[in-house]
>>> print(open('upload06.cif').read())   # mmCIF, C-alpha atoms
data_structure
#
loop_
_atom_site.label_atom_id
_atom_site.label_comp_id
_atom_site.auth_asym_id
_atom_site.auth_seq_id
_atom_site.Cartn_x
_atom_site.Cartn_y
_atom_site.Cartn_z
CA MET N 1 -11.47 -36.91 41.41
CA ASP N 2 -14.71 -35.34 40.24
CA TRP N 3 -13.06 -32.67 38.11
CA LYS N 4 -16.26 -30.80 37.21
CA LYS N 5 -17.14 -30.37 40.88
CA LYS N 6 -13.55 -29.41 41.72
CA TYR N 7 -13.40 -26.85 38.92
CA ASP N 8 -16.71 -25.33 39.98
CA GLU N 9 -15.15 -24.73 43.41
CA ILE N 10 -12.03 -23.16 41.86
CA ALA N 11 -14.04 -20.98 39.48
CA GLU N 12 -16.15 -19.67 42.36
CA LYS N 13 -13.09 -18.97 44.50
CA LEU N 14 -11.27 -17.07 41.74
CA ASP N 15 -14.38 -15.52 40.19
CA ILE N 16 -13.67 -17.15 36.82
CA ASP N 17 -16.06 -16.39 33.96
CA ARG N 18 -16.97 -19.75 32.43
CA ASN N 19 -18.24 -17.99 29.30
CA ASP N 20 -14.69 -16.81 28.62
CA ASP N 21 -13.47 -20.38 29.16
CA ARG N 22 -16.01 -21.57 26.59
CA GLU N 23 -14.93 -18.94 24.07
CA ALA N 24 -11.28 -19.98 24.43
CA THR N 25 -12.30 -23.63 24.13
CA LEU N 26 -14.18 -22.96 20.91
CA ILE N 27 -11.23 -21.04 19.43
CA LEU N 28 -8.79 -23.85 20.17
CA ASN N 29 -11.10 -26.58 18.88
CA ARG N 30 -11.79 -24.67 15.64
CA PHE N 31 -8.06 -24.35 15.02
CA ILE N 32 -7.45 -28.07 15.55
CA GLU N 33 -10.37 -29.02 13.32
CA LYS N 34 -9.31 -26.57 10.60
CA ARG N 35 -5.77 -27.97 10.61
CA ASP N 36 -7.25 -31.50 10.65
CA ILE N 37 -4.75 -32.57 13.31
CA ASP N 38 -4.75 -36.32 13.89
CA ILE N 39 -5.53 -36.25 17.61
CA ASP N 40 -5.85 -40.04 17.90
CA LYS N 41 -2.30 -40.44 16.61
CA LEU N 42 -0.97 -37.84 19.05
CA ILE N 43 -2.86 -39.39 21.98
CA HIS N 44 -1.32 -42.75 21.06
CA ARG N 45 2.12 -41.11 21.08
CA LEU N 46 1.32 -39.52 24.44
CA ASN N 47 0.38 -42.89 25.86
CA ARG N 48 3.64 -44.45 24.64
CA LEU N 49 5.65 -41.68 26.26
CA ILE N 50 3.96 -41.95 29.66
CA ASN N 51 2.38 -45.37 30.22
CA ASN N 52 4.44 -47.41 32.70
CA LYS N 53 7.31 -44.91 32.42
CA SER N 54 9.14 -42.98 35.09
CA VAL N 55 8.15 -39.39 34.45
CA ILE N 56 9.82 -36.17 35.60
CA VAL N 57 7.58 -33.09 35.70
CA PHE N 58 9.33 -29.71 35.59
CA GLY N 59 7.62 -26.68 37.10
CA ALA N 60 8.82 -23.09 36.90
CA GLY N 61 9.47 -22.67 40.63
CA PRO N 62 12.62 -21.18 42.22
CA SER N 63 14.39 -24.57 42.42
CA LEU N 64 13.96 -25.30 38.70
CA ARG N 65 17.46 -24.33 37.60
CA LYS N 66 19.04 -26.61 40.19
CA GLY N 67 16.78 -29.47 39.12
CA VAL N 68 17.58 -29.05 35.44
CA LEU N 69 21.32 -29.12 36.14
CA PHE N 70 20.84 -32.25 38.26
CA VAL N 71 19.03 -34.17 35.51
CA LYS N 72 21.59 -33.03 32.94
CA GLU N 73 24.59 -34.05 35.04
CA ASN N 74 23.03 -37.44 35.74
CA LYS N 75 21.80 -37.95 32.16
CA LEU N 76 18.30 -38.76 33.34
CA HIS N 77 16.63 -38.02 30.02
CA SER N 78 17.66 -41.45 28.75
CA LYS N 79 15.82 -43.11 31.64
CA HIS N 80 12.75 -40.90 32.11
CA THR N 81 10.06 -39.09 30.16
CA PHE N 82 10.38 -35.34 30.65
CA ILE N 83 7.22 -33.21 30.89
CA ALA N 84 7.75 -29.45 30.99
CA ALA N 85 5.17 -27.06 32.42
CA ASP N 86 5.04 -23.84 30.41
CA GLY N 87 7.82 -21.46 31.55
CA SER N 88 10.11 -24.32 32.61
CA ILE N 89 10.75 -24.94 28.91
CA THR N 90 13.16 -21.99 28.91
CA ALA N 91 15.39 -23.47 31.63
CA LEU N 92 15.46 -26.83 29.85
CA LEU N 93 16.33 -25.34 26.46
CA GLU N 94 19.08 -23.24 28.07
CA GLU N 95 20.76 -26.55 28.90
CA GLU N 96 19.96 -28.03 25.47
CA ILE N 97 17.37 -30.41 26.90
CA LEU N 98 14.28 -30.96 24.78
CA PRO N 99 11.40 -32.31 26.87
CA ASP N 100 9.28 -35.09 25.44
CA ILE N 101 6.08 -33.23 26.31
CA LEU N 102 5.31 -29.54 26.80
CA VAL N 103 2.14 -28.51 28.67
CA THR N 104 1.35 -24.83 28.19
CA ASP N 105 -1.31 -22.16 28.30
CA LEU N 106 1.16 -19.94 26.38
CA ASP N 107 2.10 -17.79 29.39
CA GLY N 108 5.77 -18.77 29.16
CA ARG N 109 8.38 -17.32 26.81
CA LEU N 110 6.70 -17.77 23.44
CA ARG N 111 9.88 -18.07 21.39
CA ASP N 112 10.92 -21.04 23.53
CA ILE N 113 7.47 -22.64 23.39
CA LEU N 114 7.49 -22.32 19.59
CA ARG N 115 11.06 -23.61 19.37
CA ALA N 116 10.27 -26.71 21.44
CA ASN N 117 7.16 -27.35 19.35
CA ILE N 118 9.10 -27.11 16.08
CA MET N 119 11.90 -29.30 17.46
CA GLY N 120 9.45 -32.05 18.31
CA SER N 121 8.16 -31.74 21.86
CA LEU N 122 4.62 -33.09 21.92
CA THR N 123 2.81 -29.86 22.77
CA ILE N 124 -0.40 -29.74 24.78
CA VAL N 125 -2.04 -26.32 24.54
CA HIS N 126 -4.57 -25.31 27.17
CA ALA N 127 -7.50 -22.94 26.58
CA HIS N 128 -8.96 -20.74 29.32
CA GLY N 129 -10.59 -17.37 29.57
CA ASP N 130 -7.38 -15.46 30.30
CA ASN N 131 -5.47 -16.54 27.19
CA ILE N 132 -7.97 -15.89 24.39
CA ASN N 133 -5.90 -13.17 22.70
CA ILE N 134 -2.63 -15.07 22.89
CA LEU N 135 -4.34 -18.19 21.53
CA LYS N 136 -5.47 -16.24 18.48
CA ARG N 137 -1.97 -14.85 17.89
CA THR N 138 0.04 -17.98 18.58
CA LEU N 139 -1.96 -20.98 17.34
CA PRO N 140 -1.15 -20.36 13.64
CA LYS N 141 2.56 -20.74 14.50
CA LEU N 142 2.15 -24.15 16.17
CA ARG N 143 1.98 -27.60 14.65
CA ASN N 144 0.63 -30.99 15.76
CA ILE N 145 -0.84 -29.95 19.10
CA ILE N 146 -3.24 -31.58 21.51
CA GLY N 147 -5.80 -29.13 22.85
CA THR N 148 -7.13 -29.15 26.41
CA THR N 149 -9.74 -27.26 28.36
CA GLN N 150 -10.69 -26.97 32.02
CA ILE N 151 -14.42 -27.16 31.29
CA GLU N 152 -16.49 -29.70 29.37
CA PRO N 153 -14.40 -30.75 26.33
CA ILE N 154 -15.90 -30.27 22.90
CA GLY N 155 -14.93 -31.58 19.47
CA ARG N 156 -11.34 -32.75 19.52
CA LEU N 157 -10.35 -31.20 22.84
CA GLN N 158 -9.42 -33.14 25.97
CA ASN N 159 -9.75 -32.54 29.70
CA PHE N 160 -7.24 -34.60 31.68
CA GLY N 161 -7.87 -32.56 34.84
CA GLY N 162 -5.75 -30.01 36.63
CA PHE N 163 -5.72 -26.23 36.81
CA THR N 164 -2.21 -24.74 36.72
CA ASP N 165 0.32 -25.87 34.12
CA GLY N 166 2.30 -27.73 36.77
CA ASP N 167 -0.49 -29.76 38.32
CA ARG N 168 -1.97 -30.43 34.87
CA CYS N 169 1.29 -32.17 34.00
CA VAL N 170 0.81 -34.41 37.03
CA PHE N 171 -2.83 -35.12 36.18
CA LEU N 172 -1.69 -35.98 32.65
CA ALA N 173 0.89 -38.46 33.93
CA VAL N 174 -1.68 -40.09 36.22
CA ASN N 175 -4.25 -40.26 33.42
CA PHE N 176 -1.85 -42.21 31.20
CA LYS N 177 -0.69 -44.40 34.08
CA ALA N 178 2.95 -43.49 34.58
CA ARG N 179 4.98 -45.87 36.74
CA GLU N 180 6.12 -43.01 38.98
CA ILE N 181 6.03 -39.22 38.87
CA LEU N 182 9.01 -37.18 40.05
CA LEU N 183 8.64 -33.43 40.60
CA SER N 184 11.33 -30.85 39.87
CA GLY N 185 10.87 -27.10 40.27
CA MET N 186 7.39 -27.69 41.69
CA ASP N 187 7.87 -25.55 44.79
CA PHE N 188 4.39 -24.09 45.34
CA GLY N 189 5.72 -21.59 47.89
CA ASN N 190 5.35 -17.84 48.32
CA LYS N 191 8.27 -17.07 46.01
CA ILE N 192 7.68 -17.01 42.27
CA GLY N 193 10.49 -18.42 40.13
CA ARG N 194 12.21 -16.35 37.46
CA TYR N 195 11.02 -18.70 34.73
CA SER N 196 7.42 -17.70 35.35
CA HIS N 197 6.72 -14.96 32.84
CA ARG N 198 3.40 -13.14 32.39
CA TYR N 199 1.48 -13.16 35.66
CA ASN N 200 -0.39 -11.13 38.24
CA LYS N 201 1.41 -11.81 41.54
CA LYS N 202 -1.71 -12.06 43.71
CA LYS N 203 -3.46 -14.40 41.29
CA LYS N 204 -0.28 -16.37 40.70
CA LEU N 205 0.12 -17.12 44.40
CA GLN N 206 -3.55 -18.12 44.63
CA LYS N 207 -3.11 -20.48 41.69
CA LEU N 208 0.04 -21.98 43.17
CA GLU N 209 -1.87 -22.71 46.37
CA ILE N 210 -4.62 -24.39 44.36
CA GLY N 211 -2.09 -26.41 42.34
CA LYS N 212 -0.43 -27.63 45.52
CA LYS N 213 -3.75 -28.75 47.02
CA LEU N 214 -4.76 -30.53 43.81
CA ILE N 215 -1.55 -32.56 43.77
CA GLU N 216 -1.96 -33.40 47.45
CA GLU N 217 -5.49 -34.67 46.77
CA LEU N 218 -4.31 -36.59 43.73
CA LYS N 219 -1.62 -38.34 45.79
CA LYS N 220 -4.36 -39.71 48.04
CA GLU N 221 -6.42 -41.00 45.12
CA THR N 222 -3.78 -42.76 43.03
CA ASP N 223 -1.43 -45.69 43.63
CA ILE N 224 1.18 -44.04 41.42
CA PRO N 225 4.06 -42.64 43.55
CA ILE N 226 4.27 -38.84 43.28
CA LYS N 227 7.34 -37.41 44.99
CA ASN N 228 10.07 -34.82 44.66
CA LEU N 229 12.98 -35.73 42.41
CA ARG N 230 15.51 -35.09 45.17
#
>>> encode(input="upload06.cif", output="structure tokens")
Amino acid sequence: MDWKKKYDEIAEKLDIDRNDDREATLILNRFIEKRDIDIDKLIHRLNRLINNKSVIVFGAGPSLRKGVLFVKENKLHSKHTFIAADGSITALLEEEILPDILVTDLDGRLRDILRANIMGSLTIVHAHGDNINILKRTLPKLRNIIGTTQIEPIGRLQNFGGFTDGDRCVFLAVNFKAREILLSGMDFGNKIGRYSHRYNKKKKLQKLEIGKKLIEELKKETDIPIKNLR
């Protein structure tokens, strides 16, 4: 997928200010450089967690709670790599499940995002124009993060593709060549799940529609099976 072209289409549709995206990108990169985070080491860890593994991606949709209980009852964490998208971290922690990877733009419940980061979830923090203020407030509380952007990456930042937290998890798993990708709580319907926190309903539904289309396109471009967990 030509991500630059795809993002240009999304930015035009949602009237996104790329200058704000660049400002957020600069803020995140400066933080990572100031902390001298060993990105190569974290990328290597990311590759070990995903490459040729069966991966379960958790979104914050209405079916999330049911999915979390299913994986807990069947003890699937021992057989799969768990990737949590932003607000889904709360549902997982409620059941004492620590995901291997957390992908977040910091819109979820911050205390749970910080808790997962401190407990050891490999945390991938995304910069975009709508989260500049929360980046400034929250970054000093985080440790050992990988930074991502949806525009041209600079410095130590990455762009694995994807737009919403949920579909970015899927792009991440494809990028590092997972064996299969199973989706849980990735409903992409007209109902917003209770584990989605700060959002504008109209924009949220637009973004869910975009996320759904991106995953559908990705399915056509990759040989990696992408399907619902159950």
>>> residues_around(input="upload06.cif", residues="Met119 (chain N)", least_positions_apart="3", cutoff="8 Å", atoms="all atoms listed in the file", output="VMD selection string")
chain N and resid 98 115 to 116
>>> write_last_selection(input="upload06.cif", atoms="C-alpha atoms", output="mmCIF file, in the coordinates of the input")
data_model
loop_
_atom_site.group_PDB
_atom_site.id
_atom_site.type_symbol
_atom_site.label_atom_id
_atom_site.label_comp_id
_atom_site.auth_asym_id
_atom_site.auth_seq_id
_atom_site.Cartn_x
_atom_site.Cartn_y
_atom_site.Cartn_z
ATOM 1 C CA LEU N 98 14.280 -30.960 24.780
ATOM 2 C CA ARG N 115 11.060 -23.610 19.370
ATOM 3 C CA ALA N 116 10.270 -26.710 21.440
#
>>> closest_residue(input="upload06.cif", among="N:Leu49, N:Met1, N:Ile124, N:Ile134", to="Glu216 (chain N)", atoms="all atoms listed in the file")
N:Met1
>>> closest_residue(input="upload06.cif", among="N:Arg30, N:Lys227, N:Lys201, N:Arg111", to="Ile56 (chain N)", atoms="only C-alpha atoms")
N:Lys227
>>> closest_residue(input="upload06.cif", among="N:Val170, N:Leu76, N:Ala91, N:Leu64", to="Val103 (chain N)", atoms="only C-alpha atoms")
N:Val170
>>> residues_near_point(input="upload06.cif", point="(4.8, -18.5, 36.2)", cutoff="12 Å", atoms="all atoms listed in the file", output="VMD selection string")
chain N and resid 59 to 62 64 85 to 90 104 to 109 164 to 166 185 to 188 191 to 208
>>> closest_residue(input="upload06.cif", among="N:Leu218, N:Ile224, N:Phe163, N:Lys79", to="Ala127 (chain N)", atoms="all atoms listed in the file")
N:Phe163
>>> atom_distance(input="upload06.cif", atom1="CA of His80 (chain N)", atom2="CA of Leu93 (chain N)")
16.9 Å
>>> closest_residue(input="upload06.cif", among="N:Ile43, N:Ile50, N:Ile151, N:Leu172", to="Ala11 (chain N)", atoms="only C-alpha atoms")
N:Ile151
>>> closest_residue(input="upload06.cif", among="N:Thr25, N:Thr123, N:Asn19, N:Thr81", to="Ile181 (chain N)", atoms="all atoms listed in the file")
N:Thr81
>>> resolve_selection(input="upload06.cif", expression="the PyMOL selection byres ((chain N and resi 32-37) around 12)", output="number ranges by chain")
N: 25-31, 38-43, 124-125, 135, 139-148, 154-158
>>> resolve_selection(input="upload06.cif", expression="the PyMOL selection byres ((chain N and resi 82) around 9)", output="JSON, numbers by chain")
{"N": [54, 55, 56, 57, 58, 77, 80, 81, 83, 84, 98, 99, 100, 101, 102]}
>>> write_last_selection(input="upload06.cif", atoms="C-alpha atoms", output="compact mmCIF listing (two decimals), in the frame of the given file")
# COMPACT_ATOMS: atom_id res chain seq x y z
CA SER N 54 9.14 -42.98 35.09
CA VAL N 55 8.15 -39.39 34.45
CA ILE N 56 9.82 -36.17 35.60
CA VAL N 57 7.58 -33.09 35.70
CA PHE N 58 9.33 -29.71 35.59
CA HIS N 77 16.63 -38.02 30.02
CA HIS N 80 12.75 -40.90 32.11
CA THR N 81 10.06 -39.09 30.16
CA ILE N 83 7.22 -33.21 30.89
CA ALA N 84 7.75 -29.45 30.99
CA LEU N 98 14.28 -30.96 24.78
CA PRO N 99 11.40 -32.31 26.87
CA ASP N 100 9.28 -35.09 25.44
CA ILE N 101 6.08 -33.23 26.31
CA LEU N 102 5.31 -29.54 26.80
>>> atom_distance(input="upload06.cif", atom1="CA of Lys220 (chain N)", atom2="CA of Leu183 (chain N)")
16.2 Å
>>> residues_around(input="upload06.cif", residues="Pro225 (chain N)", least_positions_apart="3", cutoff="8 Å", atoms="only C-alpha atoms", output="PDB file with C-alpha atoms, in the frame of the given file")
ATOM      1  CA  ARG N 179       4.980 -45.870  36.740  1.00  0.00           C
ATOM      2  CA  GLU N 180       6.120 -43.010  38.980  1.00  0.00           C
ATOM      3  CA  ILE N 181       6.030 -39.220  38.870  1.00  0.00           C
ATOM      4  CA  LYS N 219      -1.620 -38.340  45.790  1.00  0.00           C
ATOM      5  CA  THR N 222      -3.780 -42.760  43.030  1.00  0.00           C
TER       6      THR N 222
END
>>> resolve_selection(input="upload06.cif", expression="the PyMOL selection byres ((chain N and resi 150) around 10)", output="PyMOL selection string")
chain N and resi 3-4+7+18+21-22+25+126-129+148-149+151-153+158-164+168
>>> atom_distance(input="upload06.cif", atom1="CA of Leu110 (chain N)", atom2="CA of Arg137 (chain N)")
10.7 Å
>>> residues_around(input="upload06.cif", residues="Asn51 (chain N)", least_positions_apart="6", cutoff="6 Å", atoms="all atoms listed in the file", output="PyMOL selection string")
chain N and resi 176-178
